[in-house]
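J.: Pasting a structure here, questions to come.
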Amino acid sequence: MTTSRNLRLKLLDAAPLLLLAAVLLAFGAVSPRFLAPANLLQILVQASSLGIVAAGMTLVLLTGGVDLSAGSLMFLSAGVAGWLLLRAVPLPLSLAAALATGLLAGLANGLLVARLRLMPFVVTLATLYVWRGLGLDLTQTRAMNLPEGILRLASARLAGVQAPVWVLAGVLASAHMVLSRTQFGRQVYAAGNDPAGARRAGVPVTRILVVLYSVSGLCAALGGLVAVSQLGAVSPTFGNQREFAAIAAAVLGGASLFGGRGTVFPGTLIGAVLIQSIENGLVVTGADPYLFPLITAAVIFAAVFLDSARRRNLEILHHRKIRPDAGPS
Amino acid sequence: MRGLLTSRYLVAALAAACFLVFAPLIPGIATAGNLSNLLWNMLPLAVVTIGETFVLITGGIDLSVTAIIALCSVTGALVMNGRNGYLAGSAAAAPAAIFAMLLAGVLLGLVNGFAVTRLGMPPFIVTLTTMMFFGGFAVWLTRSANIDALPPAFNRLSGVGTLAVAVVVALAADWTLRRGIFGRWLYATGMNPRASLVAGVPVHAVTIAAYTVSGLLAGAASVLYTARLETGSPVLGQRIFLDVIAAAVIGGTSLFGGRGTVAGTLAGVLFVALLDNSLNLLGLSFFLVLTVKGAVILAAALLDSAARRVLGEAVE
Amino acid sequence: MTPLLLLDGISKSFSGVPVLREVSLTASRSEVLGIAGENGAGKSTLMNILGGVIAPDAGNMVLEDRVYLPRDPSEASARGVAFVHQELNLFPNLSIAENLFLTDFPRRRVLGLPLIDRRSAAQAARRLLDAVELPLSPDTPVERLSQGERQLVEVAKALDRDARIVIFDEPTTSLAARESARLFAIIERLQARGAAVIYISHALADVRRLSSRILILRDGEAAATGPAEEFTEERMISCMVGRAIGQLYPARRPLPPDSQPLLEARGLAHPGILENAGFTLHSGEVLGIAGLMGSGRSELARILFGLDPCERGQILLSGLPIQHLSSRERIRLGLAFLTENRRDDGLLMPASVLANLALVDPRSSRLEPVAARVGVRCANLDRQPVRQLSGGNQQKVALGKWLVSQPRVFLLDEPTRGIDVGARAEIYRIVAALAAAGVGILMISSEIEELTGMCDRILVMRRGEISASIARPDFDREQILRVAL
């Protein structure tokens, strides 16, 4: 391996942290208010919902798939919770129902992808519309104002840090633990790298896929609940295109669209904070709000481009050699 | 059974069967007014779906078509609108605007084509991203306002003009796919890009051309939709996003590439338009219509996968 | 002492082509059975049957006095058959330890959750790595390992399973000398442990050195078997090769002395792939390229055709330098390339015969005459998908598409792989006719007999270099094989 190629790969691996630093510095230069500790903590709180959804997305990306229905699922679950709450169903039950909705929807995605062997993007593109349609029907396209209780939950503090951040921490910690310290987790990486080879080695690939899509659905639901608890209402456009931000956060955090690469911690955390910083920074610096989707799209494009570039470099590196003792390549 | 499953005419047959069964149950479906409405809905949809078919045949997908429709619409309107358009009031406004819209479609298609071939990025995420970008750009350009006061000469394109465009596009596309060398190259690339490359097929150029055609036809569809609406709108096309994908897949164009015909696509467009029409006449809420369409895409994808498995092709 | 493993009358055919014919063998504890044979002799198929990848059509297998018929590799593994493949099954994005224990990590419970016991895993991995003398940390990501090191990890995986039988398939092809010595020590240790070892290799000297008994496969049959002492390398080679030729190959006139040079390669080199490759192909000549799999022959063909880059050297077509031209331009100048694997990059499987024939030159009106000339037999040239044709007919279509544009130079890579005798004879007839018409033919083949039957001259490649050039009068099958090894 030549040193330049080695260096290029190392740089690509460290990209998430470097990008985050670059973004923080850039916005900080334009508006010093951006780097104030209160604002940075605010970014973290705002990023919690996205981070939770992106964690689920990372899991799916690890298998080489994608979950385009995440945003709609955020909306549907929040809608279910709101619908129940407005009918005086107790808070814990409503929340549980919302989470169950996410889990079951994710399960449906997983079964379609793993057992019926349909392409993940087609399945989740279709279910994107199914969930959104159901959600809009449930909410009758009216904004649902949620009872006080939920807002209080969101602003509750533990050790001075707001609840959403703790939920995020919990999600990241458990996902990280499973991925890095359990047999199941390590098998996920094998299945993502080479599904056929993993099957040959005895890894239960189908089961892994079904589980991960279900968890992604659960994370979407949880992320949706965290977000509406901060907003206090479920609007008809809630969660719209949020899956892109989640994909961007995951890919910027180092997850590859091709599978087998990426971490939830610190990867997804950095990615989510990065995206949120961009959104926050654009507001603080008074940028034209119409530019937001353009910038998000450009960021995703850059992230996917880097991912593809890294993959191509790796392929060139590992091409089998006829003359293994020959000189440098 | 096997022959039926893989037949190109499966969908047309299914569509016919479905509607023969359901037509009596749907109030108002057979009225002249409704059928006329149905026809005018189908024509621009057919134009853009034919473009999508080209991309699907190569084994890719273009999810940005509806955003291209929006951006082209806004572009044209900015050129020709009577209030503050670049060519406001001029006789050349309409033709220049049409040219600009088609050109915009071509350029946007080229962007997609290059990203997929030169940068080696997966088509679905490339075109999802460009969908966001082009759509966002259209909204930014107009501050999400519509642009009306389009010249009457342009608006007159709806009606017979639309029919003419749709027929020309369908005939030209069919000829290209069935007779031209480009058509052969398109199918070859979709069936086996490696074998095609070895045999000297310019696989990269063909792929870029497919995305460019998709962009061009999205631009043409944009002309038709904008003329019908008599307004340039930055959210034009959002409503038909699902319809395009569904119609293409249902029409027998495989998501895996190498298959697809204009006739099949037209059958798919007919099916989707009838479905949309029926669901609306039945009084289903807009949202449930979305749900049903999503489910229909799933069913079509399932049929596609099943057909490939029956044919002994790898489904991975 | 009854043998540990007994195979009796194993037969297997693929698409009607017999690959194994009633092969029997035994393997005993603390013994190494060496297996040698040419490419296509049936070694891989036999080992795939043993390893549970495919099932035999006929015959019995008995392991430790019980019937042995594994339905998949994990069953084979469970019965104690460990297989170190030539193609490694490792996951580069995981560490060595994770690859070793992917489905059975040592675990401990923490707060009721089954977590990986990292320390035990590292220790167990360390022990296995010591056994194969790989002094690397168990946490090293596999993507950083060389091919040889990865192979040692595969061996370690096999050791872990406490295997009764360990099969090594071509283990030294990508190993440097030092790594090979380590491997031999491991094999001796396996023997001492009581395992039966099956060692398949082209390196005949190694096979002789390591084995207690040797089996030679030829054309799917057990051609010779016995104690290793009874085999010299010469005897091994002649057992691998000997057979009457028969009337398979068409008679060919010798090359006229004034035949023009058509394709010349000078000093072709690309790091890690080719080194100083050069030759001259004349008009009307059939030039064969012999060599083992992995010796760089297909890579050379791809470079000549323009699909892969080449750092140094020249390629001349009738004196015109073409090394900077794209493959499309080379096709227009008259080059053609029948690739090794028609399924992957030779045919459009869902398309018809005519559609495939039109792939290189879509405007041609000569499609049907060409179909007739190559003798494609199918129900409907225009409608039947090529996927449904027999291997021989498929290969004729893959070949035919190039004939439509009347090439001047034809590169053939394993042109008769996986097709029956009748179709092979027809393809040889076509090749001979092309040569008679002045086309220059480069034929890569792993069957030495095919090369000696068809070619005017044979080049032998080894590790990316052309190590010999043998003219027809000097054809000697055994000598060619010896040079290739």
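Following the order of the structure tokens, chains are lettered A, B, ..., residues in each are numbered from 1, and ligands are numbered from 1.
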Counting only C-alpha atoms, a student should be able to say which residues of chain B come within 10 Å of chain A; what is the right answer, written as a count of residues only?
T.: 53
J.: Got a sec to pull out which chain B residues are within 8 Å of chain C, counting only C-alpha atoms, and send them as an NGL selection string?
T.: :B and (181 or 184-185 or 188 or 191-192 or 194-196 or 198-202)
J.: Kindly save the residues from that selection, with N, CA and C atoms included, as a PDB file, in the first residue's frame.
T.:
```pdb
ATOM      1  N   ILE B 181     -29.892   1.795 -33.096  1.00  0.00           N
ATOM      2  CA  ILE B 181     -28.760   1.163 -32.416  1.00  0.00           C
ATOM      3  C   ILE B 181     -28.755   1.552 -30.950  1.00  0.00           C
ATOM      4  N   ARG B 184     -30.778  -0.778 -28.965  1.00  0.00           N
ATOM      5  CA  ARG B 184     -30.094  -2.041 -28.687  1.00  0.00           C
ATOM      6  C   ARG B 184     -29.084  -1.885 -27.575  1.00  0.00           C
ATOM      7  N   TRP B 185     -28.345  -0.790 -27.640  1.00  0.00           N
ATOM      8  CA  TRP B 185     -27.312  -0.553 -26.639  1.00  0.00           C
ATOM      9  C   TRP B 185     -27.922  -0.378 -25.256  1.00  0.00           C
ATOM     10  N   ALA B 188     -28.908  -3.784 -23.979  1.00  0.00           N
ATOM     11  CA  ALA B 188     -27.696  -4.555 -23.690  1.00  0.00           C
ATOM     12  C   ALA B 188     -27.076  -4.087 -22.373  1.00  0.00           C
ATOM     13  N   MET B 191     -29.094  -5.359 -19.507  1.00  0.00           N
ATOM     14  CA  MET B 191     -29.051  -6.811 -19.304  1.00  0.00           C
ATOM     15  C   MET B 191     -27.720  -7.261 -18.734  1.00  0.00           C
ATOM     16  N   ASN B 192     -26.641  -6.694 -19.232  1.00  0.00           N
ATOM     17  CA  ASN B 192     -25.314  -7.112 -18.771  1.00  0.00           C
ATOM     18  C   ASN B 192     -24.286  -6.057 -19.141  1.00  0.00           C
ATOM     19  N   ARG B 194     -21.275  -5.580 -18.173  1.00  0.00           N
ATOM     20  CA  ARG B 194     -19.917  -6.089 -18.393  1.00  0.00           C
ATOM     21  C   ARG B 194     -19.764  -6.661 -19.791  1.00  0.00           C
ATOM     22  N   ALA B 195     -20.724  -7.508 -20.177  1.00  0.00           N
ATOM     23  CA  ALA B 195     -20.649  -8.092 -21.517  1.00  0.00           C
ATOM     24  C   ALA B 195     -20.729  -6.980 -22.566  1.00  0.00           C
ATOM     25  N   SER B 196     -21.572  -6.007 -22.314  1.00  0.00           N
ATOM     26  CA  SER B 196     -21.716  -4.907 -23.264  1.00  0.00           C
ATOM     27  C   SER B 196     -20.411  -4.143 -23.409  1.00  0.00           C
ATOM     28  N   VAL B 198     -17.351  -5.246 -22.925  1.00  0.00           N
ATOM     29  CA  VAL B 198     -16.386  -6.057 -23.670  1.00  0.00           C
ATOM     30  C   VAL B 198     -16.693  -6.014 -25.167  1.00  0.00           C
ATOM     31  N   ALA B 199     -17.999  -6.032 -25.493  1.00  0.00           N
ATOM     32  CA  ALA B 199     -18.388  -6.069 -26.905  1.00  0.00           C
ATOM     33  C   ALA B 199     -18.274  -4.711 -27.570  1.00  0.00           C
ATOM     34  N   GLY B 200     -17.834  -3.709 -26.841  1.00  0.00           N
ATOM     35  CA  GLY B 200     -17.624  -2.410 -27.465  1.00  0.00           C
ATOM     36  C   GLY B 200     -18.798  -1.458 -27.372  1.00  0.00           C
ATOM     37  N   VAL B 201     -19.819  -1.797 -26.584  1.00  0.00           N
ATOM     38  CA  VAL B 201     -20.933  -0.869 -26.384  1.00  0.00           C
ATOM     39  C   VAL B 201     -20.446   0.274 -25.496  1.00  0.00           C
ATOM     40  N   PRO B 202     -20.697   1.519 -25.875  1.00  0.00           N
ATOM     41  CA  PRO B 202     -20.241   2.647 -25.039  1.00  0.00           C
ATOM     42  C   PRO B 202     -21.147   2.809 -23.824  1.00  0.00           C
TER      43      PRO B 202
END
```
J.: Expressed in Å to a single decimal, how great is the separation between atom CA of Glu38 of chain C and atom CA of Ile273 of chain C?
T.: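 Atom-to-atom, atom CA of Glu38 of chain C to atom CA of Ile273 of chain C, that is 23.0 Å.
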J.: In Å, rounded to a single decimal, give me how far atom CA of Leu62 of chain A is from atom CA of Gly170 of chain A.
T.: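 Distance between the two atoms: 20.0 Å.
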J.: Could you write out, as a ChimeraX atom specification, all the residues of segment 15-244 of chain A that DSSP marks as strand (DSSP E)?
T.: /A:144-145,157-158,161-162,233-234
J.: Using only C-alpha atoms, which of the listed residues (C:Leu50, C:Val32, C:Leu316, C:Ile480) sits closest to Ser74 of chain C?
T.: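 Counting only C-alpha atoms, the residue closest to Ser74 of chain C is C:Leu50.
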J.: At most 8 Å is the cut-off: for each residue in chain C with any atom that close to an atom of chain A, write down the nearest atom pair and the distance in Å rounded to one decimal, counting only C-alpha atoms, chain first then increasing number, as a tab-separated table.
T.:
```
residue	atom	partner	partner_atom	distance
C:Pro73	CA	A:Arg200	CA	7.0
C:Ser74	CA	A:Gly202	CA	6.6
C:Asn89	CA	A:Gly197	CA	6.4
C:Phe91	CA	A:Ala190	CA	6.0
C:Asn93	CA	A:Gly260	CA	6.8
C:Leu94	CA	A:Ala190	CA	7.3
C:Glu98	CA	A:Arg186	CA	7.2
C:Leu102	CA	A:Gln187	CA	6.6
C:Thr103	CA	A:Val203	CA	6.7
C:Asp104	CA	A:Gln183	CA	7.8
C:Phe105	CA	A:Gln183	CA	6.5
C:Pro114	CA	A:Thr182	CA	6.8
C:Leu115	CA	A:Thr182	CA	4.9
C:Ile116	CA	A:Thr182	CA	5.2
C:Ser174	CA	A:Pro324	CA	6.6
C:Leu175	CA	A:Pro324	CA	7.8
C:Ala176	CA	A:Asp325	CA	7.1
C:Pro271	CA	A:Ser329	CA	6.1
C:Gly272	CA	A:Arg323	CA	4.8
C:Ile273	CA	A:Ile322	CA	5.1
C:Leu274	CA	A:Ile322	CA	7.7
C:Gly294	CA	A:Ile322	CA	6.1
C:Ser295	CA	A:Ile322	CA	6.3
C:Gly296	CA	A:Ile322	CA	6.1
C:Arg463	CA	A:Arg323	CA	5.7
C:Gly464	CA	A:Ile322	CA	6.2
```
